[in-house]
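Enquirer: For reference, the file upload-v1.tsv (TSV, C-alpha atoms (C1' of nucleotides)) is included below:
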```tsv
chain	number	residue	atom	x	y	z
M	1	MET	CA	23.52	-2.63	-28.94
M	2	ASN	CA	22.74	-0.43	-25.94
M	3	ILE	CA	19.30	-0.12	-24.45
M	4	GLY	CA	18.63	3.19	-26.21
M	5	GLU	CA	19.34	1.72	-29.61
M	6	ALA	CA	17.28	-1.35	-28.81
M	7	ALA	CA	14.49	0.98	-27.75
M	8	SER	CA	14.41	2.94	-30.97
M	9	ALA	CA	14.86	-0.20	-33.04
M	10	SER	CA	11.96	-1.95	-31.34
M	11	GLY	CA	9.59	0.88	-30.52
M	12	VAL	CA	9.62	-0.07	-26.84
M	13	SER	CA	10.94	2.63	-24.52
M	14	ALA	CA	14.08	1.97	-22.51
M	15	LYS	CA	12.00	2.37	-19.39
M	16	MET	CA	9.66	-0.36	-20.49
M	17	ILE	CA	12.47	-2.66	-21.56
M	18	ARG	CA	13.84	-2.50	-18.03
M	19	TYR	CA	10.36	-2.99	-16.66
M	20	TYR	CA	9.73	-6.06	-18.82
M	21	GLU	CA	13.03	-7.45	-17.65
M	22	SER	CA	12.17	-6.81	-14.01
M	23	THR	CA	8.85	-8.60	-14.34
M	24	GLY	CA	10.42	-11.54	-16.12
M	25	LEU	CA	8.58	-11.00	-19.41
M	26	ILE	CA	11.96	-10.96	-21.12
M	27	PRO	CA	15.13	-12.58	-19.82
M	28	ALA	CA	17.74	-10.41	-18.15
M	29	ALA	CA	20.02	-8.83	-20.72
M	30	VAL	CA	23.71	-9.56	-20.83
M	31	ARG	CA	25.76	-6.75	-19.27
M	32	THR	CA	29.02	-5.13	-20.26
M	33	GLY	CA	31.75	-4.93	-17.68
M	34	SER	CA	30.45	-1.56	-16.62
M	35	GLY	CA	26.88	-2.75	-16.22
M	36	TYR	CA	25.31	-1.57	-19.49
M	37	ARG	CA	22.67	-3.87	-20.90
M	38	VAL	CA	23.54	-5.29	-24.31
M	39	TYR	CA	20.97	-6.36	-26.89
M	40	THR	CA	21.18	-8.44	-30.03
M	41	ASP	CA	18.86	-8.53	-33.02
M	42	THR	CA	17.14	-11.53	-31.49
M	43	GLU	CA	16.14	-9.55	-28.46
M	44	VAL	CA	15.06	-6.60	-30.54
M	45	ARG	CA	12.79	-8.91	-32.50
M	46	MET	CA	11.32	-10.14	-29.25
M	47	LEU	CA	10.67	-6.56	-28.16
M	48	ARG	CA	9.00	-5.77	-31.46
M	49	PHE	CA	6.84	-8.83	-30.98
M	50	ILE	CA	5.81	-7.56	-27.58
M	51	ARG	CA	5.14	-4.14	-28.96
M	52	ARG	CA	2.93	-5.44	-31.73
M	53	ALA	CA	1.02	-7.67	-29.37
M	54	ARG	CA	0.43	-4.71	-27.05
M	55	ASP	CA	-0.76	-2.71	-30.03
M	56	LEU	CA	-3.33	-5.43	-30.59
M	57	GLY	CA	-4.53	-5.04	-27.05
M	58	PHE	CA	-3.06	-8.19	-25.58
M	59	PRO	CA	-2.48	-7.80	-21.86
M	60	VAL	CA	1.09	-8.43	-20.83
M	61	GLU	CA	-0.02	-11.56	-19.03
M	62	LYS	CA	-1.22	-13.06	-22.31
M	63	ILE	CA	1.94	-11.98	-24.04
M	64	VAL	CA	3.86	-14.27	-21.73
M	65	THR	CA	2.00	-17.17	-23.32
M	66	LEU	CA	2.32	-15.78	-26.82
M	67	LEU	CA	6.05	-15.41	-26.41
M	68	ALA	CA	6.35	-18.97	-25.15
M	69	LEU	CA	4.50	-20.18	-28.24
M	70	TRP	CA	6.59	-17.96	-30.44
M	71	ARG	CA	9.74	-19.57	-29.15
M	72	ASP	CA	8.33	-23.07	-29.18
M	73	ARG	CA	8.92	-24.43	-32.63
M	74	SER	CA	6.74	-27.45	-31.95
M	75	ARG	CA	3.72	-25.35	-31.00
M	76	HIS	CA	0.32	-26.08	-32.46
M	77	SER	CA	-1.18	-23.23	-34.42
M	78	SER	CA	-4.50	-24.06	-32.76
M	79	ASP	CA	-3.09	-22.84	-29.44
M	80	VAL	CA	-2.16	-19.52	-30.96
M	81	LYS	CA	-5.45	-19.21	-32.74
M	82	ARG	CA	-7.35	-19.86	-29.54
M	83	LEU	CA	-5.48	-17.09	-27.76
M	84	ALA	CA	-6.24	-14.71	-30.60
M	85	GLN	CA	-9.89	-15.65	-30.50
M	86	GLU	CA	-10.07	-15.16	-26.76
M	87	GLN	CA	-8.56	-11.74	-27.28
M	88	ILE	CA	-11.12	-10.98	-29.96
M	89	GLY	CA	-13.89	-12.08	-27.65
M	90	GLY	CA	-12.64	-9.91	-24.81
M	91	LEU	CA	-12.30	-6.89	-27.07
M	92	GLU	CA	-15.77	-7.44	-28.46
M	93	ARG	CA	-17.26	-7.62	-25.00
M	94	ARG	CA	-15.64	-4.35	-24.07
M	95	ILE	CA	-16.74	-2.78	-27.32
M	96	ALA	CA	-20.31	-3.86	-26.60
M	97	GLU	CA	-20.17	-2.35	-23.14
M	98	MET	CA	-18.86	0.92	-24.45
M	99	GLN	CA	-21.40	0.92	-27.24
M	100	ALA	CA	-24.13	0.53	-24.65
M	101	MET	CA	-22.77	3.59	-22.86
M	102	VAL	CA	-22.74	5.50	-26.12
M	103	ASP	CA	-26.31	4.48	-26.86
M	104	THR	CA	-27.52	5.58	-23.45
M	105	LEU	CA	-25.70	8.88	-23.68
M	106	GLN	CA	-26.91	9.47	-27.20
M	107	HIS	CA	-30.46	8.82	-26.13
M	108	LEU	CA	-30.13	11.30	-23.30
M	109	ALA	CA	-28.37	13.88	-25.43
M	110	ASP	CA	-31.04	13.59	-28.12
M	111	ALA	CA	-33.67	14.39	-25.52
M	112	CYS	CA	-31.74	17.40	-24.28
M	113	GLY	CA	-32.61	20.75	-25.73
M	114	GLY	CA	-29.06	21.98	-25.65
M	115	ASP	CA	-30.16	25.54	-25.21
M	116	HIS	CA	-29.90	28.18	-22.51
M	117	ARG	CA	-32.59	26.59	-20.35
M	118	PRO	CA	-31.60	24.48	-17.37
M	119	ASP	CA	-33.86	21.47	-18.03
M	120	CYS	CA	-31.77	18.55	-19.15
M	121	PRO	CA	-32.75	14.89	-19.23
M	122	ILE	CA	-29.12	13.95	-18.89
M	123	LEU	CA	-28.83	15.34	-15.41
M	124	THR	CA	-32.34	14.26	-14.56
M	125	ASP	CA	-31.47	10.70	-15.43
M	126	LEU	CA	-28.18	10.72	-13.60
M	127	GLY	CA	-29.80	12.09	-10.49
M	128	LYS	CA	-32.88	9.96	-10.49
M	129	GLY	CA	-33.61	6.95	-8.32
M	130	ALA	CA	-35.07	6.56	-4.88
M	131	VAL	CA	-32.73	6.49	-1.96
M	132	GLY	CA	-33.44	2.85	-1.16
M	133	ALA	CA	-30.89	0.09	-1.64
M	134	ALA	CA	-29.04	0.22	-4.91
M	135	ASP	CA	-27.75	-2.90	-6.53
M	136	PRO	CA	-24.12	-2.96	-5.64
M	137	ARG	CA	-22.81	-3.98	-9.02
M	138	PRO	CA	-19.11	-4.01	-8.60
M	139	LEU	CA	-18.43	-1.38	-11.27
M	140	PRO	CA	-15.71	-3.46	-12.87
M	141	HIS	CA	-13.85	-0.38	-13.63
M	142	ALA	CA	-10.37	-1.60	-14.32
M	143	PRO	CA	-10.54	-3.16	-17.73
M	144	PRO	CA	-8.44	-6.28	-17.85
M	145	ASN	CA	-7.25	-5.20	-21.20
M	146	PRO	CA	-7.25	-1.49	-21.83
M	147	SER	CA	-4.66	-0.77	-24.48
M	148	PRO	CA	-6.20	1.06	-27.37
M	149	ALA	CA	-3.35	1.50	-29.79
Q	1	MET	CA	-27.10	7.21	8.06
Q	2	ASN	CA	-23.69	5.61	8.51
Q	3	ILE	CA	-21.26	5.11	5.67
Q	4	GLY	CA	-22.17	1.45	5.25
Q	5	GLU	CA	-25.84	2.26	4.78
Q	6	ALA	CA	-25.01	5.09	2.42
Q	7	ALA	CA	-22.83	2.67	0.48
Q	8	SER	CA	-25.55	0.08	-0.01
Q	9	ALA	CA	-28.15	2.76	-0.72
Q	10	SER	CA	-25.98	4.38	-3.39
Q	11	GLY	CA	-24.10	1.47	-4.86
Q	12	VAL	CA	-20.78	3.15	-4.11
Q	13	SER	CA	-18.51	1.24	-1.74
Q	14	ALA	CA	-17.61	2.76	1.61
Q	15	LYS	CA	-14.00	2.73	0.50
Q	16	MET	CA	-14.84	4.78	-2.55
Q	17	ILE	CA	-17.01	7.19	-0.60
Q	18	ARG	CA	-14.05	7.99	1.63
Q	19	TYR	CA	-11.85	8.25	-1.44
Q	20	TYR	CA	-14.21	10.66	-3.17
Q	21	GLU	CA	-14.27	12.72	-0.02
Q	22	SER	CA	-10.48	12.74	0.21
Q	23	THR	CA	-10.14	13.94	-3.37
Q	24	GLY	CA	-12.75	16.63	-2.91
Q	25	LEU	CA	-15.22	15.13	-5.38
Q	26	ILE	CA	-17.80	15.23	-2.61
Q	27	PRO	CA	-17.76	17.54	0.40
Q	28	ALA	CA	-16.57	16.18	3.72
Q	29	ALA	CA	-19.37	14.44	5.56
Q	30	VAL	CA	-20.65	15.68	8.88
Q	31	ARG	CA	-19.29	13.60	11.77
Q	32	THR	CA	-20.87	12.30	14.94
Q	33	GLY	CA	-19.16	13.07	18.23
Q	34	SER	CA	-17.21	9.85	17.91
Q	35	GLY	CA	-16.05	10.54	14.38
Q	36	TYR	CA	-18.50	8.49	12.33
Q	37	ARG	CA	-19.47	10.01	9.01
Q	38	VAL	CA	-23.17	10.78	8.71
Q	39	TYR	CA	-25.06	10.89	5.41
Q	40	THR	CA	-28.41	12.26	4.40
Q	41	ASP	CA	-30.60	11.39	1.43
Q	42	THR	CA	-29.15	14.36	-0.40
Q	43	GLU	CA	-25.69	12.93	-0.20
Q	44	VAL	CA	-26.87	9.48	-1.16
Q	45	ARG	CA	-28.44	10.99	-4.26
Q	46	MET	CA	-25.15	12.64	-5.09
Q	47	LEU	CA	-23.38	9.32	-4.72
Q	48	ARG	CA	-25.90	7.62	-6.97
Q	49	PHE	CA	-25.34	10.37	-9.50
Q	50	ILE	CA	-21.62	9.69	-9.39
Q	51	ARG	CA	-22.18	6.00	-9.68
Q	52	ARG	CA	-24.39	6.37	-12.72
Q	53	ALA	CA	-21.97	8.72	-14.39
Q	54	ARG	CA	-19.14	6.25	-13.78
Q	55	ASP	CA	-21.31	3.54	-15.26
Q	56	LEU	CA	-21.56	5.67	-18.37
Q	57	GLY	CA	-17.81	5.84	-18.57
Q	58	PHE	CA	-17.31	9.42	-17.41
Q	59	PRO	CA	-13.89	9.86	-15.85
Q	60	VAL	CA	-14.01	11.22	-12.33
Q	61	GLU	CA	-12.48	14.44	-13.55
Q	62	LYS	CA	-15.49	15.06	-15.81
Q	63	ILE	CA	-17.85	14.13	-13.04
Q	64	VAL	CA	-16.57	17.11	-11.10
Q	65	THR	CA	-18.00	19.29	-13.84
Q	66	LEU	CA	-21.18	17.29	-14.13
Q	67	LEU	CA	-21.78	17.57	-10.42
Q	68	ALA	CA	-21.24	21.31	-10.52
Q	69	LEU	CA	-23.82	21.57	-13.28
Q	70	TRP	CA	-26.17	19.28	-11.41
Q	71	ARG	CA	-26.06	21.56	-8.42
Q	72	ASP	CA	-26.25	24.75	-10.44
Q	73	ARG	CA	-29.91	25.42	-10.99
Q	74	SER	CA	-29.16	28.14	-13.49
Q	75	ARG	CA	-27.08	25.88	-15.71
Q	76	HIS	CA	-27.59	25.80	-19.44
Q	77	SER	CA	-28.57	22.44	-20.81
Q	78	SER	CA	-26.20	23.09	-23.68
Q	79	ASP	CA	-23.27	22.78	-21.29
Q	80	VAL	CA	-24.45	19.39	-20.14
Q	81	LYS	CA	-25.15	18.25	-23.66
Q	82	ARG	CA	-21.71	19.27	-24.77
Q	83	LEU	CA	-20.10	17.20	-22.01
Q	84	ALA	CA	-22.22	14.22	-22.98
Q	85	GLN	CA	-21.24	14.61	-26.60
Q	86	GLU	CA	-17.58	14.87	-25.74
Q	87	GLN	CA	-17.95	11.68	-23.79
Q	88	ILE	CA	-19.67	10.02	-26.72
Q	89	GLY	CA	-16.88	11.13	-29.01
Q	90	GLY	CA	-14.21	9.78	-26.70
Q	91	LEU	CA	-15.98	6.47	-26.34
Q	92	GLU	CA	-16.44	6.20	-30.08
Q	93	ARG	CA	-12.78	6.83	-30.68
Q	94	ARG	CA	-11.85	4.09	-28.29
Q	95	ILE	CA	-14.40	1.76	-29.84
Q	96	ALA	CA	-12.91	2.40	-33.25
Q	97	GLU	CA	-9.43	1.64	-31.98
Q	98	MET	CA	-10.55	-1.59	-30.43
Q	99	GLN	CA	-12.50	-2.52	-33.52
Q	100	ALA	CA	-9.35	-2.05	-35.56
Q	101	MET	CA	-7.58	-4.45	-33.24
Q	102	VAL	CA	-10.39	-6.96	-33.64
Q	103	ASP	CA	-10.26	-6.67	-37.42
Q	104	THR	CA	-6.52	-7.24	-37.51
Q	105	LEU	CA	-6.75	-10.19	-35.18
Q	106	GLN	CA	-9.66	-11.66	-37.06
Q	107	HIS	CA	-7.76	-11.36	-40.29
Q	108	LEU	CA	-4.80	-13.16	-38.79
Q	109	ALA	CA	-6.92	-15.81	-37.12
Q	110	ASP	CA	-8.77	-16.47	-40.36
Q	111	ALA	CA	-5.46	-17.16	-42.04
Q	112	CYS	CA	-4.36	-19.50	-39.30
Q	113	GLY	CA	-4.96	-23.19	-39.80
Q	114	GLY	CA	-5.74	-23.81	-36.18
Q	115	ASP	CA	-4.47	-27.35	-36.39
Q	116	HIS	CA	-1.59	-29.28	-34.91
Q	117	ARG	CA	0.99	-27.77	-37.22
Q	118	PRO	CA	3.21	-24.95	-35.97
Q	119	ASP	CA	2.81	-22.58	-38.91
Q	120	CYS	CA	0.73	-19.64	-37.85
Q	121	PRO	CA	0.36	-16.26	-39.54
Q	122	ILE	CA	-0.47	-14.71	-36.19
Q	123	LEU	CA	2.97	-15.33	-34.78
Q	124	THR	CA	4.58	-14.64	-38.11
Q	125	ASP	CA	2.98	-11.24	-38.23
Q	126	LEU	CA	3.80	-10.42	-34.64
Q	127	GLY	CA	7.39	-11.40	-35.12
Q	128	LYS	CA	7.94	-9.79	-38.46
Q	129	GLY	CA	9.73	-6.57	-39.21
Q	130	ALA	CA	13.37	-5.78	-39.81
Q	131	VAL	CA	15.46	-4.75	-36.87
Q	132	GLY	CA	15.87	-1.18	-38.09
Q	133	ALA	CA	14.30	1.79	-36.38
Q	134	ALA	CA	10.68	1.35	-35.39
Q	135	ASP	CA	8.34	4.29	-35.24
Q	136	PRO	CA	8.19	5.16	-31.60
Q	137	ARG	CA	4.45	5.60	-31.41
Q	138	PRO	CA	3.78	6.34	-27.81
Q	139	LEU	CA	1.44	3.38	-27.27
Q	140	PRO	CA	-1.12	5.50	-25.49
Q	141	HIS	CA	-1.87	2.68	-23.24
Q	142	ALA	CA	-3.69	4.29	-20.38
Q	143	PRO	CA	-7.15	5.06	-21.66
Q	144	PRO	CA	-8.32	8.40	-20.35
Q	145	ASN	CA	-11.63	6.84	-19.77
Q	146	PRO	CA	-11.67	3.12	-19.24
Q	147	SER	CA	-14.79	2.25	-17.31
Q	148	PRO	CA	-16.84	-0.33	-19.06
Q	149	ALA	CA	-19.85	-0.83	-16.84
F	1	DC	C1'	44.90	14.23	-20.75
F	2	DC	C1'	40.70	16.31	-19.57
F	3	DT	C1'	36.26	18.09	-20.35
F	4	DT	C1'	31.73	17.85	-22.09
F	5	DG	C1'	27.62	15.94	-23.33
F	6	DA	C1'	25.07	12.04	-24.20
F	7	DC	C1'	24.12	7.89	-22.53
F	8	DC	C1'	23.65	4.36	-18.94
F	9	DT	C1'	22.54	2.59	-14.04
F	10	DT	C1'	19.32	2.17	-9.89
F	11	DC	C1'	15.81	3.94	-7.07
F	12	DC	C1'	11.81	6.55	-5.87
F	13	DC	C1'	7.48	8.77	-7.02
F	14	DA	C1'	3.08	9.54	-9.59
F	15	DT	C1'	-0.74	8.17	-12.24
F	16	DC	C1'	-6.26	6.27	-11.68
F	17	DA	C1'	-9.90	3.98	-9.33
F	18	DT	C1'	-10.22	0.37	-6.60
F	19	DG	C1'	-9.66	-3.35	-3.13
F	20	DG	C1'	-7.27	-5.62	0.97
F	21	DG	C1'	-5.90	-5.55	5.43
F	22	DA	C1'	-4.07	-4.06	10.06
F	23	DA	C1'	-4.69	-1.70	14.27
F	24	DC	C1'	-7.71	0.44	16.85
F	25	DC	C1'	-12.25	2.75	18.41
F	26	DC	C1'	-17.53	2.87	18.82
F	27	DT	C1'	-22.26	0.99	19.30
F	28	DT	C1'	-25.61	-2.15	20.19
F	29	DA	C1'	-27.59	-6.27	21.71
F	30	DT	C1'	-27.38	-10.08	24.70
A	1	DA	C1'	-19.48	-7.08	30.59
A	2	DT	C1'	-18.63	-8.97	26.47
A	3	DA	C1'	-18.88	-10.11	21.63
A	4	DA	C1'	-20.13	-8.94	17.07
A	5	DG	C1'	-20.25	-5.93	13.73
A	6	DG	C1'	-19.83	-1.57	12.57
A	7	DG	C1'	-16.72	2.59	12.07
A	8	DT	C1'	-11.84	5.19	11.69
A	9	DT	C1'	-7.07	5.99	9.70
A	10	DC	C1'	-3.11	4.46	7.40
A	11	DC	C1'	-0.39	1.65	4.38
A	12	DC	C1'	0.05	-1.35	0.44
A	13	DA	C1'	-1.04	-3.32	-4.13
A	14	DT	C1'	-2.71	-3.29	-8.73
A	15	DG	C1'	-0.73	-2.40	-14.35
A	16	DA	C1'	1.76	-0.11	-17.66
A	17	DT	C1'	3.78	3.83	-18.10
A	18	DG	C1'	6.36	8.27	-17.51
A	19	DG	C1'	9.28	11.64	-14.76
A	20	DG	C1'	13.20	12.69	-12.40
A	21	DA	C1'	17.33	12.56	-9.27
A	22	DA	C1'	21.96	10.98	-8.21
A	23	DG	C1'	25.73	8.99	-9.93
A	24	DG	C1'	28.68	6.03	-13.24
A	25	DT	C1'	30.46	5.45	-18.28
A	26	DC	C1'	31.81	6.34	-22.86
A	27	DA	C1'	33.32	8.77	-27.01
A	28	DA	C1'	34.67	12.81	-29.33
A	29	DG	C1'	37.18	16.94	-29.50
A	30	DG	C1'	40.33	20.49	-27.67
```
Could you quickly redo this structure as structure tokens?
Expert:
Amino acid sequence: MNIGEAASASGVSAKMIRYYESTGLIPAAVRTGSGYRVYTDTEVRMLRFIRRARDLGFPVEKIVTLLALWRDRSRHSSDVKRLAQEQIGGLERRIAEMQAMVDTLQHLADACGGDHRPDCPILTDLGKGAVGAADPRPLPHAPPNPSPA
Amino acid sequence: MNIGEAASASGVSAKMIRYYESTGLIPAAVRTGSGYRVYTDTEVRMLRFIRRARDLGFPVEKIVTLLALWRDRSRHSSDVKRLAQEQIGGLERRIAEMQAMVDTLQHLADACGGDHRPDCPILTDLGKGAVGAADPRPLPHAPPNPSPA
DNA sequence: CCTTGACCTTCCCATCATGGGAACCCTTAT
DNA sequence: ATAAGGGTTCCCATGATGGGAAGGTCAAGG
């Protein structure tokens, strides 16, 4: 199977298959004499596994561990369960953060007339604050685990 | 005020202040004879505005619009409210996606013994699926609007 | 046999917001 | 005068993904 077929069979783009190979997430594929990558059903199943785990928001780094457990027939299900629960915890923390943003915005929007007049508590709130020192919270902008699928 | 002072007064790092200037989000700062950027309270307030908007999850692109409205004294509050509501909608969509991930994971984890045995519905589910064509959903991985604050 | 088109290869670039660091210049206090 | 602690620019890296160019390969059909 060529990379294109493996891509459509697994739902992982050819680009990403090469990327996963380059980062070591999956082993290097066997090549034909002319350099084409060749995939078997086993590898396609691995790619589907990766795809599903990404759909569930697992960061690629965690998928490394999941794949190792997947391959390890003597794994303990408790190890897998723990990973899943950590993932749930991380997602729930991010959900709570976003919910807090929603709540704040909703509060501000509720207090905003939404008419032709310029007065708007949203802008007032965003612009408020004395010019003294601000707490330099690090604005942890890059979520460790973005993937909404 | 030098950039370092403006950074601690606004909560935006000096690095990011220069970045915002380079992208045109904020106007270029006045310079001293020797090239140091100089900031006034007005600019610090603008930076705090940006910081707060980022904290609420607004992508920088939207902040461009918010800033324009902030500066425009003849703005209509309805324009601001609409932006806030769009932001709320986007956040809620992402929350729903993540909640769906949590639900799926919780379902799988509940069915997993979590003991020393290898059997685990989590891995079974991730690995399942025939090797036929998979729907090539684009895995919209990059959230348009990540910032959890 | 040769062409054509679809596929493959590698390599580079871009995203987005952010940090790290190097190399070098400026200011201020001792 | 010198050292410390700013500032400046420029380059690089992140993580997962797509886009695209330049060039090699394969299969089908004339």
Enquirer: Within 7 Å of (-17.0, 3.4, 18.6) (coordinates as in the file), grab all the protein and nucleic acid residues, counting all atoms listed in the file, and write them out as a list of chain:residue names.
Expert: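 So the residues meeting the distance criterion are Q:Ser34, F:DC25, F:DC26, F:DT27, A:DG7.
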Enquirer: Can you check which residues of chain A have any atom within 12 Å of chain M? Use only C-alpha atoms (C1' of nucleotides) and format it as an NGL selection string.
Expert: :A and (14-19 or 24-26)
Enquirer: For the atom pair CA of Ile50 (chain M) and CA of Leu91 (chain Q), what is the interatomic distance in Å to one decimal place?
Expert: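 According to the coordinates, CA of Ile50 (chain M) and CA of Leu91 (chain Q) are separated by 25.9 Å.
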Enquirer: Give chain M as a short mmCIF file (atom, residue, chain, number, x, y, z; two decimals) with C-alpha atoms, in the coordinates of the input once it has been least-squares superposed onto chain Q over every C-alpha atom, paired in order.
Expert:
```
data_model
loop_
_atom_site.label_atom_id
_atom_site.label_comp_id
_atom_site.auth_asym_id
_atom_site.auth_seq_id
_atom_site.Cartn_x
_atom_site.Cartn_y
_atom_site.Cartn_z
CA MET M 1 -27.09 7.32 8.05
CA ASN M 2 -23.69 5.67 8.48
CA ILE M 3 -21.28 5.14 5.65
CA GLY M 4 -22.26 1.49 5.23
CA GLU M 5 -25.91 2.34 4.78
CA ALA M 6 -25.05 5.16 2.42
CA ALA M 7 -22.91 2.70 0.49
CA SER M 8 -25.65 0.15 0.01
CA ALA M 9 -28.21 2.85 -0.69
CA SER M 10 -26.06 4.44 -3.37
CA GLY M 11 -24.20 1.51 -4.86
CA VAL M 12 -20.86 3.16 -4.12
CA SER M 13 -18.62 1.21 -1.76
CA ALA M 14 -17.68 2.72 1.58
CA LYS M 15 -14.08 2.64 0.45
CA MET M 16 -14.89 4.71 -2.58
CA ILE M 17 -17.03 7.15 -0.63
CA ARG M 18 -14.04 7.90 1.57
CA TYR M 19 -11.85 8.13 -1.50
CA TYR M 20 -14.19 10.57 -3.23
CA GLU M 21 -14.20 12.65 -0.09
CA SER M 22 -10.42 12.62 0.12
CA THR M 23 -10.08 13.79 -3.47
CA GLY M 24 -12.65 16.52 -3.00
CA LEU M 25 -15.18 15.07 -5.44
CA ILE M 26 -17.73 15.20 -2.65
CA PRO M 27 -17.62 17.50 0.36
CA ALA M 28 -16.43 16.13 3.68
CA ALA M 29 -19.26 14.43 5.52
CA VAL M 30 -20.50 15.67 8.85
CA ARG M 31 -19.16 13.57 11.74
CA THR M 32 -20.76 12.29 14.91
CA GLY M 33 -19.03 13.02 18.17
CA SER M 34 -17.16 9.77 17.86
CA GLY M 35 -15.97 10.47 14.34
CA TYR M 36 -18.46 8.44 12.28
CA ARG M 37 -19.41 9.99 8.97
CA VAL M 38 -23.11 10.82 8.68
CA TYR M 39 -25.00 10.95 5.40
CA THR M 40 -28.36 12.38 4.42
CA ASP M 41 -30.57 11.52 1.46
CA THR M 42 -29.09 14.47 -0.39
CA GLU M 43 -25.64 13.00 -0.20
CA VAL M 44 -26.87 9.57 -1.15
CA ARG M 45 -28.45 11.08 -4.24
CA MET M 46 -25.15 12.69 -5.09
CA LEU M 47 -23.39 9.34 -4.73
CA ARG M 48 -25.94 7.67 -6.97
CA PHE M 49 -25.35 10.41 -9.50
CA ILE M 50 -21.65 9.70 -9.40
CA ARG M 51 -22.25 6.01 -9.69
CA ARG M 52 -24.46 6.38 -12.73
CA ALA M 53 -22.03 8.73 -14.40
CA ARG M 54 -19.22 6.23 -13.81
CA ASP M 55 -21.42 3.52 -15.27
CA LEU M 56 -21.65 5.66 -18.39
CA GLY M 57 -17.90 5.80 -18.58
CA PHE M 58 -17.39 9.37 -17.45
CA PRO M 59 -13.96 9.82 -15.91
CA VAL M 60 -14.07 11.17 -12.39
CA GLU M 61 -12.53 14.39 -13.62
CA LYS M 62 -15.53 15.01 -15.86
CA ILE M 63 -17.89 14.10 -13.07
CA VAL M 64 -16.57 17.06 -11.14
CA THR M 65 -18.01 19.28 -13.87
CA LEU M 66 -21.21 17.28 -14.15
CA LEU M 67 -21.79 17.57 -10.43
CA ALA M 68 -21.22 21.31 -10.54
CA LEU M 69 -23.82 21.59 -13.30
CA TRP M 70 -26.15 19.32 -11.41
CA ARG M 71 -26.04 21.61 -8.43
CA ASP M 72 -26.21 24.78 -10.47
CA ARG M 73 -29.86 25.50 -11.02
CA SER M 74 -29.07 28.23 -13.52
CA ARG M 75 -27.01 25.93 -15.74
CA HIS M 76 -27.57 25.83 -19.47
CA SER M 77 -28.58 22.46 -20.81
CA SER M 78 -26.21 23.09 -23.72
CA ASP M 79 -23.26 22.78 -21.32
CA VAL M 80 -24.46 19.41 -20.16
CA LYS M 81 -25.19 18.26 -23.65
CA ARG M 82 -21.73 19.24 -24.80
CA LEU M 83 -20.14 17.19 -22.04
CA ALA M 84 -22.26 14.21 -22.99
CA GLN M 85 -21.30 14.59 -26.61
CA GLU M 86 -17.62 14.83 -25.77
CA GLN M 87 -18.02 11.64 -23.79
CA ILE M 88 -19.74 9.99 -26.72
CA GLY M 89 -16.94 11.09 -29.00
CA GLY M 90 -14.27 9.74 -26.69
CA LEU M 91 -16.05 6.42 -26.33
CA GLU M 92 -16.49 6.16 -30.07
CA ARG M 93 -12.82 6.79 -30.67
CA ARG M 94 -11.89 4.06 -28.26
CA ILE M 95 -14.43 1.72 -29.79
CA ALA M 96 -12.92 2.38 -33.21
CA GLU M 97 -9.45 1.62 -31.93
CA MET M 98 -10.56 -1.61 -30.36
CA GLN M 99 -12.50 -2.55 -33.46
CA ALA M 100 -9.35 -2.06 -35.49
CA MET M 101 -7.56 -4.47 -33.16
CA VAL M 102 -10.38 -6.96 -33.55
CA ASP M 103 -10.24 -6.66 -37.32
CA THR M 104 -6.51 -7.23 -37.41
CA LEU M 105 -6.73 -10.19 -35.09
CA GLN M 106 -9.64 -11.65 -36.99
CA HIS M 107 -7.74 -11.34 -40.22
CA LEU M 108 -4.77 -13.13 -38.72
CA ALA M 109 -6.89 -15.79 -37.06
CA ASP M 110 -8.75 -16.44 -40.32
CA ALA M 111 -5.43 -17.10 -42.02
CA CYS M 112 -4.33 -19.47 -39.28
CA GLY M 113 -4.96 -23.14 -39.80
CA GLY M 114 -5.68 -23.78 -36.17
CA ASP M 115 -4.42 -27.30 -36.40
CA HIS M 116 -1.53 -29.28 -34.97
CA ARG M 117 1.03 -27.72 -37.31
CA PRO M 118 3.26 -24.93 -36.06
CA ASP M 119 2.80 -22.49 -38.96
CA CYS M 120 0.72 -19.57 -37.83
CA PRO M 121 0.36 -16.19 -39.50
CA ILE M 122 -0.47 -14.67 -36.16
CA LEU M 123 2.97 -15.28 -34.76
CA THR M 124 4.58 -14.59 -38.09
CA ASP M 125 2.97 -11.18 -38.18
CA LEU M 126 3.80 -10.35 -34.61
CA GLY M 127 7.41 -11.30 -35.11
CA LYS M 128 7.94 -9.70 -38.46
CA GLY M 129 9.74 -6.46 -39.21
CA ALA M 130 13.35 -5.62 -39.83
CA VAL M 131 15.46 -4.62 -36.91
CA GLY M 132 15.87 -1.04 -38.11
CA ALA M 133 14.29 1.92 -36.35
CA ALA M 134 10.69 1.42 -35.37
CA ASP M 135 8.33 4.31 -35.16
CA PRO M 136 8.16 5.10 -31.51
CA ARG M 137 4.43 5.61 -31.30
CA PRO M 138 3.80 6.28 -27.69
CA LEU M 139 1.48 3.30 -27.18
CA PRO M 140 -1.11 5.41 -25.40
CA HIS M 141 -1.88 2.56 -23.21
CA ALA M 142 -3.68 4.12 -20.32
CA PRO M 143 -7.11 4.93 -21.63
CA PRO M 144 -8.27 8.24 -20.28
CA ASN M 145 -11.62 6.71 -19.76
CA PRO M 146 -11.65 2.99 -19.18
CA SER M 147 -14.78 2.16 -17.23
CA PRO M 148 -16.81 -0.42 -19.04
CA ALA M 149 -19.83 -0.90 -16.84
#
```
Enquirer: Can you work out which one of A:DA4, A:DC12, A:DA21, A:DA28 has the shortest atom-to-atom distance to DA6 (chain F), counting all atoms listed in the file?
Expert: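 Smallest distance to DA6 (chain F) is found for A:DA28.
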